[in-house]
Structure formats: C-alpha cells, structure tokens
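This is data.cif. It holds mmCIF, C-alpha atoms and all ligand atoms.
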```
data_work
loop_
_atom_site.label_atom_id
_atom_site.label_comp_id
_atom_site.auth_asym_id
_atom_site.auth_seq_id
_atom_site.Cartn_x
_atom_site.Cartn_y
_atom_site.Cartn_z
CA MET A 61 82.44 -15.28 -32.47
CA ILE A 62 81.26 -14.07 -35.86
CA VAL A 63 78.37 -15.69 -37.73
CA GLY A 64 78.78 -15.27 -41.49
CA SER A 65 81.75 -15.19 -43.86
CA GLY A 66 80.77 -12.51 -46.35
CA LEU A 67 82.57 -9.21 -46.88
CA ALA A 68 81.27 -7.87 -43.56
CA ALA A 69 82.61 -10.79 -41.51
CA TRP A 70 86.02 -10.98 -43.18
CA THR A 71 86.50 -7.20 -43.19
CA LEU A 72 85.77 -7.14 -39.46
CA VAL A 73 88.33 -9.90 -38.85
CA ARG A 74 90.97 -8.00 -40.85
CA GLU A 75 90.28 -4.72 -39.06
CA PHE A 76 90.21 -6.38 -35.64
CA ARG A 77 93.48 -8.21 -36.23
CA LYS A 78 95.19 -4.88 -36.96
CA LEU A 79 94.37 -3.92 -33.36
CA ASP A 80 94.44 -7.25 -31.54
CA ALA A 81 96.50 -10.23 -32.65
CA GLN A 82 95.66 -12.42 -29.64
CA THR A 83 91.95 -12.71 -28.87
CA PRO A 84 90.63 -15.98 -30.32
CA ILE A 85 88.08 -15.56 -33.13
CA THR A 86 85.69 -18.27 -34.29
CA LEU A 87 83.81 -17.73 -37.52
CA ILE A 88 80.76 -19.90 -38.12
CA THR A 89 79.30 -19.90 -41.59
CA ARG A 90 76.66 -21.68 -43.60
CA ASP A 91 78.78 -21.57 -46.77
CA ASN A 92 82.36 -22.74 -47.21
CA GLY A 93 83.94 -19.52 -45.92
CA ASP A 94 85.99 -18.66 -49.02
CA PHE A 95 86.72 -14.96 -49.50
CA TYR A 96 85.34 -13.30 -52.62
CA SER A 97 84.14 -9.87 -53.65
CA LYS A 98 80.35 -10.12 -53.93
CA PRO A 99 79.99 -7.08 -56.26
CA MET A 100 81.79 -9.11 -58.94
CA LEU A 101 78.85 -11.53 -59.18
CA SER A 102 77.05 -9.10 -61.49
CA ASN A 103 79.91 -8.33 -63.87
CA ALA A 104 82.00 -11.50 -63.98
CA LEU A 105 80.16 -13.37 -66.73
CA SER A 106 81.31 -11.29 -69.70
CA SER A 107 84.91 -11.68 -68.59
CA GLY A 108 84.37 -15.45 -68.50
CA LYS A 109 85.01 -15.88 -64.78
CA THR A 110 83.86 -19.08 -63.09
CA ALA A 111 82.74 -19.19 -59.45
CA ALA A 112 86.09 -20.75 -58.49
CA GLN A 113 87.96 -17.93 -60.22
CA LEU A 114 86.09 -15.35 -58.12
CA VAL A 115 87.58 -16.75 -54.91
CA SER A 116 90.49 -14.52 -53.94
CA ALA A 117 91.47 -16.54 -50.85
CA THR A 118 90.19 -19.87 -49.59
CA SER A 119 88.68 -20.21 -46.17
CA ALA A 120 91.73 -22.19 -45.01
CA ALA A 121 94.14 -19.51 -46.27
CA MET A 122 92.12 -16.76 -44.58
CA ALA A 123 91.98 -18.75 -41.35
CA GLN A 124 95.73 -19.25 -41.32
CA GLN A 125 96.60 -15.70 -42.32
CA LEU A 126 94.30 -14.08 -39.77
CA GLY A 127 94.45 -16.58 -36.94
CA VAL A 128 90.79 -17.58 -37.03
CA THR A 129 88.97 -20.87 -36.42
CA VAL A 130 86.46 -21.35 -39.23
CA MET A 131 83.47 -23.64 -38.79
CA ALA A 132 82.32 -23.89 -42.42
CA LYS A 133 79.10 -25.46 -43.73
CA THR A 134 77.63 -24.89 -40.29
CA ASP A 135 74.23 -23.28 -39.90
CA VAL A 136 73.47 -21.32 -36.75
CA THR A 137 69.86 -22.13 -35.94
CA ALA A 138 69.35 -20.27 -32.65
CA ILE A 139 71.00 -17.78 -30.30
CA ASP A 140 70.74 -18.00 -26.52
CA PRO A 141 71.75 -14.56 -25.20
CA VAL A 142 71.43 -15.70 -21.57
CA ALA A 143 73.69 -18.76 -21.94
CA TYR A 144 75.98 -16.84 -24.37
CA SER A 145 75.74 -19.66 -26.90
CA VAL A 146 74.55 -20.38 -30.42
CA THR A 147 72.97 -23.61 -31.60
CA THR A 148 74.49 -25.57 -34.50
CA ALA A 149 74.05 -29.10 -35.81
CA LEU A 150 77.29 -29.94 -33.96
CA GLY A 151 75.78 -28.75 -30.68
CA PRO A 152 75.93 -25.44 -28.79
CA VAL A 153 78.97 -23.20 -29.20
CA THR A 154 79.64 -20.52 -26.57
CA TYR A 155 80.87 -16.99 -27.16
CA SER A 156 81.93 -14.04 -25.06
CA ARG A 157 80.93 -11.55 -27.75
CA LEU A 158 78.87 -12.37 -30.81
CA VAL A 159 78.75 -10.55 -34.16
CA LEU A 160 75.91 -11.31 -36.56
CA ALA A 161 77.07 -10.72 -40.16
CA LEU A 162 74.24 -12.71 -41.72
CA GLY A 163 73.63 -10.74 -44.91
CA ALA A 164 70.29 -10.62 -46.73
CA ASP A 165 68.07 -12.97 -48.72
CA PRO A 166 66.83 -12.18 -52.22
CA VAL A 167 63.15 -11.22 -52.25
CA ARG A 168 61.07 -13.91 -54.01
CA LEU A 169 58.05 -12.70 -55.96
CA PRO A 170 54.92 -14.86 -55.61
CA LEU A 171 54.83 -15.99 -59.25
CA GLN A 172 52.39 -18.40 -60.83
CA GLY A 173 53.09 -21.14 -63.36
CA ASP A 174 54.57 -24.62 -63.37
CA ALA A 175 58.12 -23.30 -63.78
CA ALA A 176 57.98 -20.53 -61.15
CA ASP A 177 60.44 -22.51 -59.01
CA ARG A 178 63.01 -22.38 -61.82
CA VAL A 179 63.47 -18.62 -61.34
CA ILE A 180 66.90 -17.99 -59.84
CA SER A 181 68.64 -15.15 -57.97
CA VAL A 182 72.38 -14.61 -57.72
CA ASN A 183 73.38 -13.59 -54.21
CA ASP A 184 76.43 -15.74 -53.45
CA LEU A 185 79.11 -17.84 -55.12
CA GLN A 186 76.98 -20.99 -55.14
CA ASP A 187 74.17 -19.07 -56.90
CA TYR A 188 76.68 -17.77 -59.41
CA ALA A 189 77.85 -21.32 -60.13
CA THR A 190 74.21 -22.36 -60.69
CA PHE A 191 73.65 -19.32 -62.94
CA ARG A 192 76.73 -20.21 -65.02
CA ALA A 193 75.63 -23.85 -65.29
CA GLN A 194 72.10 -22.91 -66.40
CA LEU A 195 73.46 -20.52 -69.02
CA GLU A 196 75.13 -23.44 -70.80
CA GLY A 197 73.35 -23.70 -74.14
CA ALA A 198 70.97 -20.82 -73.24
CA LYS A 199 70.37 -17.86 -75.55
CA ARG A 200 67.58 -15.78 -74.00
CA VAL A 201 67.54 -14.47 -70.44
CA THR A 202 64.74 -12.59 -68.71
CA VAL A 203 65.74 -10.33 -65.83
CA ILE A 204 63.02 -9.35 -63.36
CA GLY A 205 63.79 -5.91 -61.94
CA ALA A 206 65.61 -2.89 -63.43
CA GLY A 207 67.29 -1.79 -60.21
CA LEU A 208 71.03 -1.65 -59.67
CA ILE A 209 71.61 -5.39 -59.64
CA GLY A 210 69.14 -6.14 -62.48
CA CYS A 211 70.76 -3.53 -64.75
CA GLU A 212 74.27 -4.74 -63.96
CA PHE A 213 73.32 -8.33 -64.83
CA ALA A 214 71.50 -7.17 -67.98
CA ASN A 215 74.56 -5.28 -69.16
CA ASP A 216 76.88 -8.18 -68.36
CA LEU A 217 74.58 -10.69 -70.09
CA VAL A 218 74.27 -8.71 -73.36
CA GLN A 219 78.00 -8.15 -73.32
CA ALA A 220 78.42 -11.93 -73.02
CA GLY A 221 76.21 -12.39 -76.09
CA TYR A 222 72.80 -13.28 -74.63
CA GLU A 223 69.43 -11.85 -75.62
CA VAL A 224 68.10 -10.02 -72.60
CA ASP A 225 64.61 -8.83 -71.63
CA VAL A 226 64.22 -6.73 -68.48
CA ILE A 227 60.79 -6.36 -66.85
CA ASP A 228 60.01 -3.64 -64.31
CA PRO A 229 56.80 -1.95 -63.15
CA GLY A 230 58.53 1.47 -63.01
CA THR A 231 59.24 4.00 -65.74
CA HIS A 232 63.02 3.81 -66.11
CA PRO A 233 66.10 1.90 -64.92
CA LEU A 234 67.28 2.46 -61.34
CA GLY A 235 63.95 4.15 -60.67
CA ARG A 236 64.66 4.58 -56.95
CA LEU A 237 68.10 6.09 -57.45
CA LEU A 238 67.99 8.14 -60.65
CA PRO A 239 65.86 11.07 -61.80
CA LEU A 240 63.95 10.39 -65.02
CA GLU A 241 66.39 12.03 -67.48
CA ALA A 242 69.38 10.09 -66.15
CA GLY A 243 67.35 6.87 -66.15
CA GLN A 244 66.26 7.48 -69.73
CA GLN A 245 69.84 7.95 -70.92
CA MET A 246 70.80 4.74 -69.18
CA GLN A 247 67.86 2.98 -70.79
CA GLN A 248 68.90 4.23 -74.24
CA ALA A 249 72.49 3.11 -73.74
CA LEU A 250 71.52 -0.35 -72.51
CA ALA A 251 68.91 -0.68 -75.26
CA HIS A 252 71.57 0.28 -77.79
CA ALA A 253 73.74 -2.51 -76.35
CA GLY A 254 70.85 -4.91 -76.96
CA VAL A 255 68.74 -4.98 -73.75
CA ARG A 256 64.96 -5.02 -74.35
CA PHE A 257 63.14 -3.17 -71.54
CA HIS A 258 59.50 -3.74 -70.61
CA PHE A 259 58.57 -0.91 -68.23
CA GLY A 260 55.17 -0.45 -66.61
CA ASN A 261 54.83 -4.22 -66.62
CA SER A 262 55.42 -7.15 -64.30
CA VAL A 263 55.92 -10.90 -64.49
CA GLN A 264 52.81 -12.90 -63.58
CA ALA A 265 53.82 -16.45 -64.34
CA VAL A 266 56.70 -18.59 -65.56
CA LEU A 267 55.66 -21.65 -67.53
CA ALA A 268 57.55 -24.63 -68.88
CA ALA A 269 57.66 -24.67 -72.69
CA PRO A 270 58.77 -27.41 -75.09
CA GLN A 271 61.99 -25.47 -75.46
CA GLY A 272 62.87 -23.39 -72.43
CA LEU A 273 60.39 -21.19 -70.58
CA GLN A 274 57.49 -18.84 -71.28
CA VAL A 275 57.40 -15.69 -69.17
CA GLU A 276 53.89 -14.27 -68.93
CA LEU A 277 53.61 -10.54 -68.28
CA ALA A 278 50.75 -8.61 -66.64
CA ASN A 279 49.71 -7.19 -70.03
CA GLY A 280 49.33 -10.72 -71.42
CA GLN A 281 52.50 -10.63 -73.48
CA ARG A 282 54.57 -13.84 -73.44
CA LEU A 283 58.34 -13.90 -73.76
CA ALA A 284 60.31 -16.96 -74.73
CA SER A 285 63.23 -17.41 -72.40
CA ASP A 286 65.83 -19.98 -71.37
CA LEU A 287 66.57 -18.57 -67.95
CA VAL A 288 64.74 -16.17 -65.61
CA LEU A 289 66.83 -14.18 -63.16
CA SER A 290 65.08 -12.31 -60.37
CA ALA A 291 66.69 -9.12 -59.03
CA VAL A 292 63.91 -7.42 -57.12
CA GLY A 293 65.67 -6.61 -53.87
CA LEU A 294 67.09 -8.11 -50.73
CA ARG A 295 65.65 -8.63 -47.26
CA PRO A 296 68.00 -8.67 -44.23
CA ARG A 297 68.16 -12.04 -42.47
CA ILE A 298 66.62 -10.99 -39.18
CA ALA A 299 64.81 -14.22 -38.19
CA LEU A 300 67.54 -15.55 -35.86
CA ALA A 301 67.84 -12.24 -34.03
CA LYS A 302 64.09 -11.83 -33.78
CA ALA A 303 63.65 -15.31 -32.33
CA ALA A 304 66.34 -14.50 -29.74
CA GLY A 305 64.42 -11.40 -28.65
CA LEU A 306 66.77 -8.83 -30.21
CA GLN A 307 65.17 -5.63 -31.46
CA THR A 308 64.59 -5.75 -35.21
CA ALA A 309 62.95 -3.43 -37.73
CA ARG A 310 63.78 -3.85 -41.42
CA GLY A 311 67.20 -5.05 -40.22
CA ILE A 312 68.70 -5.92 -36.84
CA VAL A 313 68.60 -2.62 -34.96
CA VAL A 314 72.05 -1.48 -33.79
CA ASN A 315 73.50 1.68 -32.26
CA ARG A 316 76.57 3.55 -33.46
CA GLN A 317 78.84 0.98 -31.82
CA LEU A 318 76.97 -1.68 -33.89
CA GLN A 319 75.55 -3.08 -30.65
CA THR A 320 72.13 -4.73 -30.76
CA SER A 321 69.53 -4.38 -28.02
CA GLN A 322 71.29 -7.31 -26.29
CA THR A 323 74.57 -6.88 -24.37
CA ASP A 324 77.58 -8.39 -26.15
CA ILE A 325 75.71 -9.06 -29.41
CA TYR A 326 76.51 -6.93 -32.45
CA ALA A 327 75.33 -6.85 -36.06
CA LEU A 328 77.16 -5.72 -39.19
CA GLY A 329 76.77 -5.48 -42.97
CA ASP A 330 73.57 -6.03 -44.98
CA VAL A 331 71.72 -7.38 -41.93
CA ALA A 332 72.24 -4.30 -39.73
CA GLU A 333 70.04 -1.22 -39.48
CA VAL A 334 71.78 1.83 -38.01
CA GLU A 335 69.56 4.73 -36.96
CA GLY A 336 66.90 3.71 -39.44
CA LEU A 337 69.41 3.33 -42.28
CA LEU A 338 69.72 0.09 -44.24
CA LEU A 339 72.64 0.60 -46.60
CA PRO A 340 73.45 -2.71 -48.29
CA TYR A 341 76.68 -1.58 -49.94
CA VAL A 342 80.38 -2.14 -49.45
CA MET A 343 81.39 1.36 -48.26
CA PRO A 344 78.97 1.57 -45.31
CA MET A 345 79.93 -1.97 -44.35
CA MET A 346 83.62 -1.02 -44.29
CA GLN A 347 82.97 2.03 -42.10
CA SER A 348 80.95 -0.18 -39.77
CA ALA A 349 83.60 -2.91 -39.66
CA ARG A 350 86.30 -0.40 -38.69
CA THR A 351 84.13 1.09 -35.97
CA LEU A 352 83.16 -2.30 -34.56
CA ALA A 353 86.75 -3.58 -34.65
CA ALA A 354 87.89 -0.57 -32.63
CA HIS A 355 85.01 -0.96 -30.18
CA LEU A 356 85.71 -4.67 -29.68
CA ALA A 357 89.41 -3.88 -29.17
CA GLY A 358 88.42 -1.57 -26.32
CA GLN A 359 88.89 1.73 -28.13
CA PRO A 360 86.29 4.50 -28.13
CA ALA A 361 84.52 4.40 -31.51
CA THR A 362 81.34 5.85 -32.99
CA LEU A 363 80.07 4.99 -36.45
CA ARG A 364 80.01 7.85 -38.92
CA TYR A 365 79.00 7.60 -42.53
CA PRO A 366 80.50 10.15 -44.93
CA ALA A 367 78.81 10.59 -48.33
CA MET A 368 79.33 7.23 -50.05
CA PRO A 369 78.50 7.34 -53.78
CA VAL A 370 77.68 3.99 -55.38
CA VAL A 371 79.23 3.15 -58.74
CA VAL A 372 76.82 1.22 -60.98
CA LYS A 373 78.77 -1.35 -63.00
CA THR A 374 77.07 -0.81 -66.36
CA PRO A 375 79.82 -0.17 -68.92
CA ALA A 376 77.21 0.71 -71.59
CA MET A 377 76.46 3.82 -69.50
CA PRO A 378 78.61 4.29 -66.39
CA VAL A 379 76.60 5.76 -63.53
CA VAL A 380 77.56 6.99 -60.10
CA VAL A 381 74.89 7.99 -57.64
CA SER A 382 74.73 9.46 -54.17
CA PRO A 383 71.01 9.63 -53.46
CA PRO A 384 69.65 12.30 -51.11
CA LEU A 385 68.45 11.02 -47.73
CA ALA A 386 64.82 9.87 -47.70
CA ASN A 387 63.61 12.96 -45.79
CA ALA A 388 65.69 15.51 -47.76
CA GLN A 389 63.79 18.62 -48.88
CA GLY A 390 64.77 19.98 -52.28
CA SER A 391 64.62 19.23 -55.98
CA TRP A 392 66.64 17.70 -58.80
CA GLN A 393 68.41 20.07 -61.18
CA VAL A 394 69.16 18.09 -64.29
CA ASN A 395 71.58 18.94 -67.07
CA ALA A 396 71.31 16.35 -69.83
CA PHE A 397 73.66 16.37 -72.80
CA SER A 398 74.32 13.96 -75.66
CA ASP A 399 76.77 11.75 -73.79
CA GLY A 400 75.76 12.06 -70.18
CA VAL A 401 73.59 13.54 -67.46
CA ASP A 402 74.63 15.70 -64.53
CA ALA A 403 71.76 15.64 -62.03
CA ARG A 404 72.13 17.36 -58.67
CA PHE A 405 69.67 17.25 -55.81
CA VAL A 406 69.73 20.71 -54.29
CA GLY A 407 68.25 21.59 -50.90
CA LEU A 408 65.93 24.52 -50.22
CA ASP A 409 68.93 26.63 -49.10
CA GLY A 410 70.92 25.80 -52.27
CA THR A 411 73.23 23.18 -50.73
CA LEU A 412 74.04 20.01 -52.64
CA LEU A 413 72.34 17.01 -51.00
CA GLY A 414 72.82 14.30 -53.61
CA PHE A 415 73.74 13.59 -57.20
CA ALA A 416 73.31 11.17 -60.06
CA LEU A 417 75.95 11.29 -62.76
CA ALA A 418 75.83 9.30 -65.98
CA GLY A 419 78.25 8.90 -68.89
CA LYS A 420 80.84 11.68 -69.23
CA ALA A 421 79.45 13.47 -66.17
CA THR A 422 80.78 10.70 -63.87
CA GLY A 423 84.08 12.61 -64.02
CA GLN A 424 82.48 15.14 -61.61
CA LYS A 425 82.17 12.55 -58.84
CA THR A 426 85.25 13.43 -56.77
CA VAL A 427 84.58 17.17 -56.79
CA LEU A 428 80.88 16.84 -55.95
CA GLN A 429 81.43 14.19 -53.30
CA LYS A 430 83.47 16.71 -51.28
CA SER A 431 80.48 19.07 -51.10
CA LEU A 432 78.00 16.49 -49.88
CA PRO A 433 76.90 16.36 -46.25
CA ALA A 434 77.66 13.23 -44.20
CA VAL A 435 75.00 10.51 -44.28
CA LEU A 436 75.52 9.97 -40.54
CA ALA A 437 77.50 12.87 -39.00
C1 LIG B 501 75.06 -9.06 -57.44
C2 LIG B 501 75.46 -8.03 -56.43
C3 LIG B 501 76.23 -6.94 -56.82
C4 LIG B 501 76.58 -5.97 -55.90
N1 LIG B 501 77.34 -4.90 -56.31
C5 LIG B 501 77.71 -3.96 -55.41
C6 LIG B 501 78.51 -2.85 -55.81
O1 LIG B 501 78.88 -2.70 -56.98
N2 LIG B 501 78.88 -1.93 -54.86
C7 LIG B 501 78.51 -2.07 -53.54
O2 LIG B 501 78.87 -1.23 -52.72
N3 LIG B 501 77.74 -3.11 -53.14
C8 LIG B 501 77.34 -4.06 -54.04
N4 LIG B 501 76.58 -5.12 -53.62
C9 LIG B 501 76.26 -5.24 -52.19
C10 LIG B 501 77.44 -5.82 -51.39
O3 LIG B 501 78.02 -6.87 -52.11
C11 LIG B 501 76.89 -6.30 -50.03
O4 LIG B 501 76.48 -5.14 -49.32
C12 LIG B 501 77.93 -7.03 -49.17
O5 LIG B 501 78.67 -7.97 -49.91
C13 LIG B 501 77.19 -7.72 -48.00
O6 LIG B 501 78.08 -8.44 -47.23
P1 LIG B 501 77.58 -9.21 -45.92
O7 LIG B 501 78.81 -9.86 -45.39
O8 LIG B 501 76.80 -8.30 -45.06
O9 LIG B 501 76.54 -10.31 -46.46
P2 LIG B 501 76.76 -11.69 -47.26
O10 LIG B 501 77.86 -11.58 -48.23
O11 LIG B 501 75.41 -12.07 -47.75
O12 LIG B 501 77.22 -12.73 -46.15
C14 LIG B 501 76.34 -13.33 -45.24
C15 LIG B 501 77.02 -14.53 -44.64
O13 LIG B 501 76.22 -15.05 -43.58
C16 LIG B 501 76.16 -16.47 -43.69
N5 LIG B 501 74.95 -16.89 -42.98
C17 LIG B 501 73.70 -16.41 -43.13
N6 LIG B 501 72.85 -17.00 -42.26
C18 LIG B 501 73.60 -17.88 -41.55
C19 LIG B 501 73.30 -18.79 -40.50
N7 LIG B 501 72.08 -18.90 -39.99
N8 LIG B 501 74.31 -19.55 -40.00
C20 LIG B 501 75.57 -19.45 -40.49
N9 LIG B 501 75.89 -18.58 -41.48
C21 LIG B 501 74.93 -17.81 -41.99
C22 LIG B 501 76.18 -16.72 -45.19
O14 LIG B 501 76.57 -18.04 -45.48
C23 LIG B 501 77.24 -15.68 -45.60
O15 LIG B 501 78.54 -16.20 -45.41
C24 LIG B 501 76.19 -6.10 -54.54
C25 LIG B 501 75.41 -7.20 -54.14
C26 LIG B 501 75.05 -8.16 -55.07
C27 LIG B 501 74.22 -9.34 -54.63
#
```

Let's see the structure in the file written out as structure tokens.
Ligand SMILES: Cc1cc2nc3c(=O)[nH]c(=O)nc-3n(C[C@H](O)[C@H](O)[C@H](O)COP(=O)(O)OP(=O)(O)OC[C@H]3O[C@@H](n4cnc5c(N)ncnc54)[C@H](O)[C@@H]3O)c2cc1C
Amino acid sequence: MIVGSGLAAWTLVREFRKLDAQTPITLITRDNGDFYSKPMLSNALSSGKTAAQLVSATSAAMAQQLGVTVMAKTDVTAIDPVAYSVTTALGPVTYSRLVLALGADPVRLPLQGDAADRVISVNDLQDYATFRAQLEGAKRVTVIGAGLIGCEFANDLVQAGYEVDVIDPGTHPLGRLLPLEAGQQMQQALAHAGVRFHFGNSVQAVLAAPQGLQVELANGQRLASDLVLSAVGLRPRIALAKAAGLQTARGIVVNRQLQTSQTDIYALGDVAEVEGLLLPYVMPMMQSARTLAAHLAGQPATLRYPAMPVVVKTPAMPVVVSPPLANAQGSWQVNAFSDGVDARFVGLDGTLLGFALAGKATGQKTVLQKSLPAVLA
C-alpha cells in the first residue's frame, strides 16, 4: 500500500512494476491521483497551460497501465502499525507493507490583516487551478519569498505579462543556495525582465482594499496587489507518522532502505529524511524510489545519492546549483563576468565540493558535476 500519488508514489510504482508484475498495489490518495510533473507548476503560466493540460496521465490510465488499485479522494487519518492498517473515511484498510509518500505542506507565515487568508501557495494541481482562476483580471502579483520557487514564479509571472513584486528578508535571490555575486546577477536579470525586488524586508499584513489588496511591509511601505503568492518553504507532512509512534525529525526518519523506525513501514519523497538529509527535489526522490522498489522486490539495495545539481527554471537568468553539504569546510571562489557567474565551493584541500553556475557558465555543469563528491556515498 502506498499513501500519496505525487511523483514519489508513482515513480515507486513504475520502478516496482519493472521488477514485480504480480504483487497487488493499492494507492490511497487525498487528491484525484492524476499523474503530473510538479516542477511544471512554477513555469506553466507563461506557456498558457491550464491545470488540466498539466496532467500527463489520468489516475484511471495509470491504474490500468501499472496494475494498481487507486483509492482517490481518500484521506488517511491514522496508521495502526500493530494491526497493519490505515484509517480512512471508508473504514480501515489493511496492508502488508506500507509506503508513506505524503509530500510536504507549504509553510504559512503568521500574517496580520483582514485579507491574510487570501494569500495562496501553489503546491499541487488544485492550487495551480486556483492560482490561474485568481489571476483572471489581475495585473499585480506580490510573491513572498525569493527562494527557488518564488523566483521561478516571479519569472513566469513577468513573462506572462504581470507586474511582480518579490519580498524577502535576505540580501539576494536564492540566498540559501547562491553566493552573493551569483545572486546579484540573477537579481539584475530578473529586475531587467520586470521583477521588483524588496530585500531586507518582510510582509507584515495583507489588507483588503477597494480594488484588490494592500500588502504592508515591515518598513511601513504599502504595495497595491491583486494576488499574493507565498513561497517561503515547505514542511514535510510528518503528523500521521508521529501520531503512529514512528521516529520523526524534520521529516519521517528512514534508513538507506527507506525503512522507518517501524517494521514494514517506509517513507519516500519530500516527507522522508535520510541520514539527516531532507532533499525535496526530483533527483533524490528518483534514487530513493529505485532503491525502495528493489528492496520491496526482495533485492539487496542501499540508497546512494550522487551529486544532484538542481536546475532553477528562470529563463531570464538560467541557474544550476549543487550546494555544498551543510558541514562542508571551504570557501566560494567566484568568477563573475558580464553574462554569467561561475562560482565554485572549494574544500580546504582544493577539492570541488559544490558549485553555482549562472547564465553562460551553466554550460560547465556536466564537466563540474563529474568532479563532485557523492551526497550520500
Ligand atoms: C512549484 C514547485 C516547483 C518545483 N520545481 C522543482 C524543480 O524544478 N526541480 C526539482 O527537482 N524539484 C522541484 N520541485 C520539488 C518536487 O516537485 C518535489 O520534490 C516532488 O514533486 C515531491 O513529490 P512527493 O510525491 O514527495 O510529494 P507530493 O507531490 O506533494 O505528493 C504527496 C501526495 O500525498 C498525498 N497525501 C498527503 N497526505 C495524505 C493523507 N493523509 N492521505 C492521503 N493522501 C495524502 C497528496 O494528496 C499527494 O498526492 C518543485 C516543487 C514545487 C512545489
């Protein structure tokens, strides 16, 4: 049994079916189970894609193709590891092995103001449909957060013709991933495309205005806006696992076979924390899905993460980044030129431990990636 129908769940099903065509699989999901590529949510607007157009295969088609029973629109509300069952509105459903592919919730900032509840986040297809509907007749969009997802939305929105303000308490875009010089080049490129950045600032309140919304910043400035999009991070959905007594930290704690602290329960994707690493990206999820599929099919398998650079989908300034591990010792060596930045994080012994490439320098990705150490050897 798999709970969830995001990329992690469906990738696991695909990988498992390559090894085992027989074992019954039930997939229980809160949404409708359709297959779509979540990364497209932040660059689909400018190409005019609707939520329906982002679906690459319906739940029914996936179920038939992969031999899976899908219980859609079904919320799992509890797990009983002793009885080997999960609770749903339709009653308990038993499993022999359970995989939690629950994803993550957008972080909600505690904002003031009578329109604070009108702030939206885009984290699934339904959210994207809401976002598209609210953009009807809108001109001005405020994006809270200049991280990867905030910058991608900002770029997509200006490309689609909206006025965009981005608010962030940091000093430059992608502050946690990019050294200053690379962030500044990205800022310039996005600003040139029309994005207005407000760094060193934060949103305090969102108020209803006669026409649209007023976004009040910490410095007292007020921005007129029609839509406020929050992109300030994601928090793994650990509540179910925690209530069932599974070990959790920032995510559901799993070993290198993706096994939780409870026998026969596994976790995968954005919800899983492997050896202290929370990597909410597609590449780590795919490595994990392959490992778990092999393990569930009875083959020896241990999760390894190679270096997995992340491509930031900002056409105004393409960026690819492979950040050094949190405890890496070393320094950034930055080479900035007119149309790009080549920044390399070099360890104390001279080895390459990470990189951030912007603009023309993104062409170096393949060569540099080969020199990087594994994230999980
Ligand atoms: C806008 C955006 C852009 C991104 N761009 C990139 C990118 O360019 N590159 C990259 O590598 N990564 C990107 N990511 C991250 C990547 O998309 C995610 O890491 C990945 O899709 C997570 O998949 P998942 O299956 O773990 O989670 P999700 O897709 O969130 O799926 C979770 C599933 O669990 C279900 N569920 C949750 N709770 C319950 C419950 N109690 N009962 C039943 N069902 C439940 C949900 O309905 C859903 O089906 C992006 C993410 C976002 C939001």

Separation of CA of Leu289 in chain A from CA of Pro233 in chain A in Å: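 Atom-to-atom, CA of Pro233 in chain A to CA of Leu289 in chain A, that is 16.2 Å.
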
Contacts of Val218 in chain A at 8 Å (all atoms listed in the file; same-chain gap of 4+ positions) as a PyMOL selection string: chain A and resi 214+222-224+253-255

Within 9 Å of file point (81.3, 5.9, -34.4), counting all atoms listed in the file, expressed as a PyMOL selection string: chain A and resi 316-318+347-348+351-352+355+360-365

Coordinates-based distance that separates CA of Lys98 in chain A from CA of Pro84 in chain A (Å, one decimal):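 Going from CA of Pro84 in chain A over to CA of Lys98 in chain A covers 26.4 Å.
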
Contacts of ligand LIG 501 (chain B), 8 Å or closer, only C-alpha atoms and all ligand atoms, given as a ChimeraX atom specification: /A:63-70,88-93,97-102,133-138,160-165,182-184,208-209,212-213,297,300,328-331,339-345,370-373

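Here CA of Ala220 in chain A and CA of Thr110 in chain A stand 13.4 Å from one another.
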
Exercise: residues within 12 Å of coordinate (59.9, -23.7, -65.3), counting all atoms listed in the file, as JSON, numbers by chain: {"A": [171, 172, 173, 174, 175, 176, 177, 178, 179, 180, 265, 266, 267, 268, 269, 270, 271, 272, 273, 274, 275, 276, 284, 285, 286, 287, 288, 289]}

From A:Gly235, A:Gly390, A:Gly336, A:Gly221, residue lying nearest Ser106 in chain A [only C-alpha atoms]: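 Counting only C-alpha atoms, the residue closest to Ser106 in chain A is A:Gly221.
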
Within 9 Å of Thr323 in chain A using all atoms listed in the file, minus same-chain residues under 4 positions, as a VMD selection string: chain A and resid 141 157 319

Nearest-residue call for Val142 in chain A, choices A:Ile325, A:Leu217, A:Val314, A:Val167, using all atoms listed in the file: A:Ile325

Nearest to Thr426 in chain A by atom-to-atom distance, counting only C-alpha atoms, from A:Ala332, A:Met377, A:Ala367, A:Ala132: A:Ala367

Residue neighbourhood range 244-251 of chain A, 9 Å, all atoms listed in the file, exclusion window fewer than 4 positions, as a ChimeraX atom specification: /A:211,214-215,218,231-234,239-240,255-257,374,376-379,396,398-401,418-419

Using all atoms listed in the file: which of A:Leu412, A:Ala242, A:Gln429, A:Ala353 has the shortest distance to Glu75 in chain A: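 Going through A:Leu412, A:Ala242, A:Gln429, A:Ala353 one by one, the smallest distance to Glu75 in chain A is for A:Ala353.
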
Residue with smallest distance to Gly127 in chain A - pool A:Leu385, A:Leu238, A:Val73, A:Ile139, counting all atoms listed in the file: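 With all atoms listed in the file as the atom set, the closest residue is A:Val73.
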
Residues near Ala278 in chain A, cut-off 10 Å, all atoms listed in the file, skip fewer than 6 positions along chain, as a PyMOL selection string: chain A and resi 229+260-265

Given all atoms listed in the file as the counted atoms, nearest of A:Trp392, A:Tyr144, A:Phe76, A:Tyr188 to Asn103 in chain A: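 Once distances to Asn103 in chain A are computed over all atoms listed in the file, the minimum belongs to A:Tyr188.
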
Save range 215-246 of chain A to a file: C-alpha atoms, as a CSV table (one decimal), in the first residue's frame.
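Below is the file part25.csv, written as the result:
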```csv
chain,number,residue,atom,x,y,z
A,215,ASN,CA,10.0,34.9,-13.7
A,216,ASP,CA,7.0,33.1,-15.1
A,217,LEU,CA,4.6,35.8,-14.0
A,218,VAL,CA,6.5,38.7,-15.6
A,219,GLN,CA,6.9,36.6,-18.7
A,220,ALA,CA,3.1,36.2,-18.7
A,221,GLY,CA,2.7,40.0,-18.5
A,222,TYR,CA,2.0,40.6,-14.8
A,223,GLU,CA,3.6,43.3,-12.6
A,224,VAL,CA,5.6,41.4,-9.9
A,225,ASP,CA,6.9,42.5,-6.5
A,226,VAL,CA,9.1,40.0,-4.6
A,227,ILE,CA,9.6,40.5,-0.8
A,228,ASP,CA,12.4,38.7,1.1
A,229,PRO,CA,14.3,39.4,4.3
A,230,GLY,CA,17.6,38.3,2.8
A,231,THR,CA,20.1,40.2,0.6
A,232,HIS,CA,19.7,38.4,-2.8
A,233,PRO,CA,17.6,35.8,-4.7
A,234,LEU,CA,18.2,32.2,-3.7
A,235,GLY,CA,20.0,33.3,-0.7
A,236,ARG,CA,20.5,29.8,0.7
A,237,LEU,CA,21.8,28.4,-2.5
A,238,LEU,CA,23.8,31.1,-4.2
A,239,PRO,CA,26.8,33.1,-3.2
A,240,LEU,CA,26.2,36.9,-3.3
A,241,GLU,CA,27.7,37.6,-6.8
A,242,ALA,CA,25.6,34.9,-8.5
A,243,GLY,CA,22.5,36.1,-6.6
A,244,GLN,CA,23.1,39.7,-7.7
A,245,GLN,CA,23.4,38.7,-11.3
A,246,MET,CA,20.2,36.8,-11.0
```
